[in-house]
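Single-structure report; data block below.
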Amino acid sequence: MSFWLIKSRPSAFSWADLEAAPARTTAWAGVRNYQARNFMRDRMKPGDPVLFYHSQIPKPAVIGLAEVASESYPDPTQFDPGHRRYDPTAAVAEPRWYLVEIRAVRQLERPVLLRELREQPELEGMDLLRQRSRLSVQPVPPAAFLRVLQLAGSDAGGVS
DNA sequence: GCCAACGTTGGC
DNA sequence: GCCAACGTTGGC
């Protein structure tokens, strides 16, 4: 099992949106970064725990616990000329972009602010904490993942 | 709104 | 293969 963090701009898609989605699940579509794609396509497996992070707000924070809810499959938005993330270079026979589905497990007892995460020496090395990290789908070391839940006031319930 | 850091594109 | 231009991300 691997542990992950995904970022979302709440104005585009928030934790509340995920909780309100049918079956609390959504296809994580629109990612157009090869590193992020490779994680989704090759490494993310159903049941893997995922931290859900709100970016581009005054207090960026991890807000929810989610999980991978499907195997990876081609992102349909790459083939849709009307979609903002349409990729004219992608062919159905040879998809370029892949996604997994994400399911909300539970909201954290409280958001864990980026500022707080930066104060934790044992979290050094998390990609999120790199200066100007831009990777929107990233692996998290298991110990760091549990530490974030701990900071939120959770036990590791449902994760380990 | 600013701006640094990247990733991608495309001319050469 | 180089590298400038460009677009995007995301903290502040």
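The chains in the structure tokens are called A, B, ... from first to last as shown; in each chain the residues are counted from 1, and the ligands are counted from 1 in the order shown.
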List the spatial neighbours of region 2-10 of chain B as a list of chain:residue names - criterion: any atom at most 9 Å away, only C-alpha atoms (C1' of nucleotides), same-chain residues fewer than 6 positions off excluded.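 The neighbour list is A:Asn33, A:Gln131, A:Arg132, A:Ser133, A:Arg134, C:DA5, C:DC6, C:DG7, C:DT8, C:DT9, C:DC12.
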Those selected residues, please, written with N, CA, C and O atoms (P, O5', C5', C4', C3', O3' and C1' of nucleotides) and delivered as a PDB file, in the first residue's frame.
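So selection.pdb came out as:
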ATOM      1  N   ASN A  33       0.238  16.629 -16.174  1.00  0.00           N
ATOM      2  CA  ASN A  33       1.645  16.666 -15.767  1.00  0.00           C
ATOM      3  C   ASN A  33       2.122  15.219 -15.763  1.00  0.00           C
ATOM      4  O   ASN A  33       1.457  14.343 -15.192  1.00  0.00           O
ATOM      5  N   GLN A 131      10.122  24.244  -1.535  1.00  0.00           N
ATOM      6  CA  GLN A 131       9.788  25.587  -1.957  1.00  0.00           C
ATOM      7  C   GLN A 131       9.112  25.549  -3.323  1.00  0.00           C
ATOM      8  O   GLN A 131       9.643  24.981  -4.262  1.00  0.00           O
ATOM      9  N   ARG A 132       7.936  26.115  -3.390  1.00  0.00           N
ATOM     10  CA  ARG A 132       7.198  26.194  -4.660  1.00  0.00           C
ATOM     11  C   ARG A 132       7.003  24.832  -5.315  1.00  0.00           C
ATOM     12  O   ARG A 132       7.217  24.668  -6.511  1.00  0.00           O
ATOM     13  N   SER A 133       6.626  23.874  -4.497  1.00  0.00           N
ATOM     14  CA  SER A 133       6.273  22.559  -5.018  1.00  0.00           C
ATOM     15  C   SER A 133       5.031  22.684  -5.890  1.00  0.00           C
ATOM     16  O   SER A 133       4.067  23.351  -5.533  1.00  0.00           O
ATOM     17  N   ARG A 134       5.042  22.046  -7.043  1.00  0.00           N
ATOM     18  CA  ARG A 134       3.910  22.181  -7.955  1.00  0.00           C
ATOM     19  C   ARG A 134       3.248  20.861  -8.274  1.00  0.00           C
ATOM     20  O   ARG A 134       2.241  20.835  -8.973  1.00  0.00           O
TER      21      ARG A 134
ATOM     22  P    DA C   5      13.345  35.415 -25.492  1.00  0.00           P
ATOM     23  O5'  DA C   5      11.914  34.721 -25.594  1.00  0.00           O
ATOM     24  C5'  DA C   5      11.508  34.183 -26.838  1.00  0.00           C
ATOM     25  C4'  DA C   5      10.163  33.513 -26.654  1.00  0.00           C
ATOM     26  C3'  DA C   5       9.186  34.310 -25.784  1.00  0.00           C
ATOM     27  O3'  DA C   5       7.932  34.300 -26.438  1.00  0.00           O
ATOM     28  C1'  DA C   5       9.468  32.122 -24.896  1.00  0.00           C
ATOM     29  P    DC C   6       6.723  35.224 -25.911  1.00  0.00           P
ATOM     30  O5'  DC C   6       5.824  34.133 -25.183  1.00  0.00           O
ATOM     31  C5'  DC C   6       5.576  32.895 -25.860  1.00  0.00           C
ATOM     32  C4'  DC C   6       4.991  31.911 -24.884  1.00  0.00           C
ATOM     33  C3'  DC C   6       4.006  32.529 -23.895  1.00  0.00           C
ATOM     34  O3'  DC C   6       2.740  31.940 -24.121  1.00  0.00           O
ATOM     35  C1'  DC C   6       5.488  31.004 -22.826  1.00  0.00           C
ATOM     36  P    DG C   7       1.450  32.502 -23.379  1.00  0.00           P
ATOM     37  O5'  DG C   7       1.161  31.281 -22.403  1.00  0.00           O
ATOM     38  C5'  DG C   7       1.133  29.960 -22.933  1.00  0.00           C
ATOM     39  C4'  DG C   7       0.940  28.999 -21.792  1.00  0.00           C
ATOM     40  C3'  DG C   7      -0.097  29.469 -20.774  1.00  0.00           C
ATOM     41  O3'  DG C   7      -0.903  28.353 -20.417  1.00  0.00           O
ATOM     42  C1'  DG C   7       1.990  29.112 -19.689  1.00  0.00           C
ATOM     43  P    DT C   8      -2.071  28.493 -19.344  1.00  0.00           P
ATOM     44  O5'  DT C   8      -1.400  27.855 -18.056  1.00  0.00           O
ATOM     45  C5'  DT C   8      -0.834  26.567 -18.157  1.00  0.00           C
ATOM     46  C4'  DT C   8      -0.288  26.181 -16.804  1.00  0.00           C
ATOM     47  C3'  DT C   8      -1.246  26.472 -15.638  1.00  0.00           C
ATOM     48  O3'  DT C   8      -1.345  25.283 -14.880  1.00  0.00           O
ATOM     49  C1'  DT C   8       0.900  27.390 -15.206  1.00  0.00           C
ATOM     50  P    DT C   9      -2.391  25.173 -13.680  1.00  0.00           P
ATOM     51  O5'  DT C   9      -1.421  25.175 -12.426  1.00  0.00           O
ATOM     52  C5'  DT C   9      -0.314  24.300 -12.404  1.00  0.00           C
ATOM     53  C4'  DT C   9       0.550  24.669 -11.223  1.00  0.00           C
ATOM     54  C3'  DT C   9      -0.223  24.847  -9.915  1.00  0.00           C
ATOM     55  O3'  DT C   9       0.384  23.995  -8.969  1.00  0.00           O
ATOM     56  C1'  DT C   9       1.199  26.707 -10.320  1.00  0.00           C
ATOM     57  P    DC C  12       3.950  30.300   2.431  1.00  0.00           P
ATOM     58  O5'  DC C  12       3.753  31.862   2.274  1.00  0.00           O
ATOM     59  C5'  DC C  12       4.809  32.619   1.660  1.00  0.00           C
ATOM     60  C4'  DC C  12       4.273  33.956   1.258  1.00  0.00           C
ATOM     61  C3'  DC C  12       3.358  34.617   2.292  1.00  0.00           C
ATOM     62  O3'  DC C  12       4.157  35.385   3.185  1.00  0.00           O
ATOM     63  C1'  DC C  12       2.673  35.020   0.030  1.00  0.00           C
TER      64       DC C  12
END
Based on the backbone DSSP call, show me all residues of region 40-116 of chain A assigned helix (DSSP H, G or I), as a list in words.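 Secondary structure check on region 40-116 of chain A, helix (DSSP H, G or I): Met40, Arg41, Asp42, Arg43, Pro76, Thr77, Gln78, Phe79, Leu114, Arg115 and Glu116 of chain A.
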Residues within 12 Å of Ala69 (chain A), please, as a PyMOL selection string. Count only C-alpha atoms (C1' of nucleotides); anything in the same chain fewer than 3 positions from it doesn't count. chain A and resi 23-28+40+44-50+66+72-73+99-105
Write out as a PDB file with C-alpha atoms, in the first residue's frame the residues lying within 10 Å of Asp127 (chain A), counting only C-alpha atoms (C1' of nucleotides) and excluding same-chain residues fewer than 2 positions away.
ATOM      1  CA  LEU A   5      -1.450  13.599  -1.302  1.00  0.00           C
ATOM      2  CA  LEU A 123       8.106  15.988   7.707  1.00  0.00           C
ATOM      3  CA  GLU A 124      11.130  17.387   5.907  1.00  0.00           C
ATOM      4  CA  GLY A 125      11.355  15.713   2.562  1.00  0.00           C
ATOM      5  CA  LEU A 129       7.068  21.319   1.693  1.00  0.00           C
ATOM      6  CA  ARG A 130       9.607  21.949  -1.031  1.00  0.00           C
ATOM      7  CA  GLN A 131       9.788  25.587  -1.957  1.00  0.00           C
ATOM      8  CA  ARG A 132       7.198  26.194  -4.660  1.00  0.00           C
ATOM      9  CA  SER A 133       6.273  22.559  -5.018  1.00  0.00           C
ATOM     10  CA  ARG A 134       3.910  22.181  -7.955  1.00  0.00           C
ATOM     11  CA  LEU A 135       3.287  18.464  -8.111  1.00  0.00           C
ATOM     12  CA  SER A 136      -0.461  17.969  -7.682  1.00  0.00           C
ATOM     13  CA  VAL A 137      -0.350  14.210  -7.103  1.00  0.00           C
ATOM     14  CA  GLN A 138       2.487  13.065  -4.917  1.00  0.00           C
ATOM     15  CA  PRO A 139       3.525  10.117  -2.742  1.00  0.00           C
ATOM     16  CA  VAL A 140       3.826  10.684   1.006  1.00  0.00           C
ATOM     17  CA  PRO A 141       6.094   8.611   3.237  1.00  0.00           C
TER      18      PRO A 141
END
Quick check, in Å to one decimal: how far apart do CA of Ala91 (chain A) and CA of Phe79 (chain A) lie? 7.3 Å
Applying 10 Å and only C-alpha atoms (C1' of nucleotides), which residues near Glu116 (chain A) remain after dropping the ones on its own chain fewer than 6 positions away? List them as a PDB file with N, CA, C and O atoms, in the first residue's frame.
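What follows is the written file result05.pdb:
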ATOM      1  N   ALA A  61      -4.085  24.127   3.337  1.00  0.00           N
ATOM      2  CA  ALA A  61      -4.127  23.110   4.383  1.00  0.00           C
ATOM      3  C   ALA A  61      -4.590  21.762   3.855  1.00  0.00           C
ATOM      4  O   ALA A  61      -5.317  21.686   2.862  1.00  0.00           O
ATOM      5  N   VAL A 148       0.612  13.600   9.867  1.00  0.00           N
ATOM      6  CA  VAL A 148      -0.372  14.630   9.493  1.00  0.00           C
ATOM      7  C   VAL A 148      -1.718  14.330  10.148  1.00  0.00           C
ATOM      8  O   VAL A 148      -2.368  15.224  10.704  1.00  0.00           O
ATOM      9  N   LEU A 151      -1.520  15.279  13.721  1.00  0.00           N
ATOM     10  CA  LEU A 151      -1.610  16.728  13.924  1.00  0.00           C
ATOM     11  C   LEU A 151      -3.061  17.198  13.839  1.00  0.00           C
ATOM     12  O   LEU A 151      -3.440  18.188  14.459  1.00  0.00           O
TER      13      LEU A 151
END
Closest to chain B among A:Arg32, A:Arg9, A:His83, A:Arg147, using only C-alpha atoms (C1' of nucleotides)?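 For chain B, the nearest of the candidates is A:Arg32.
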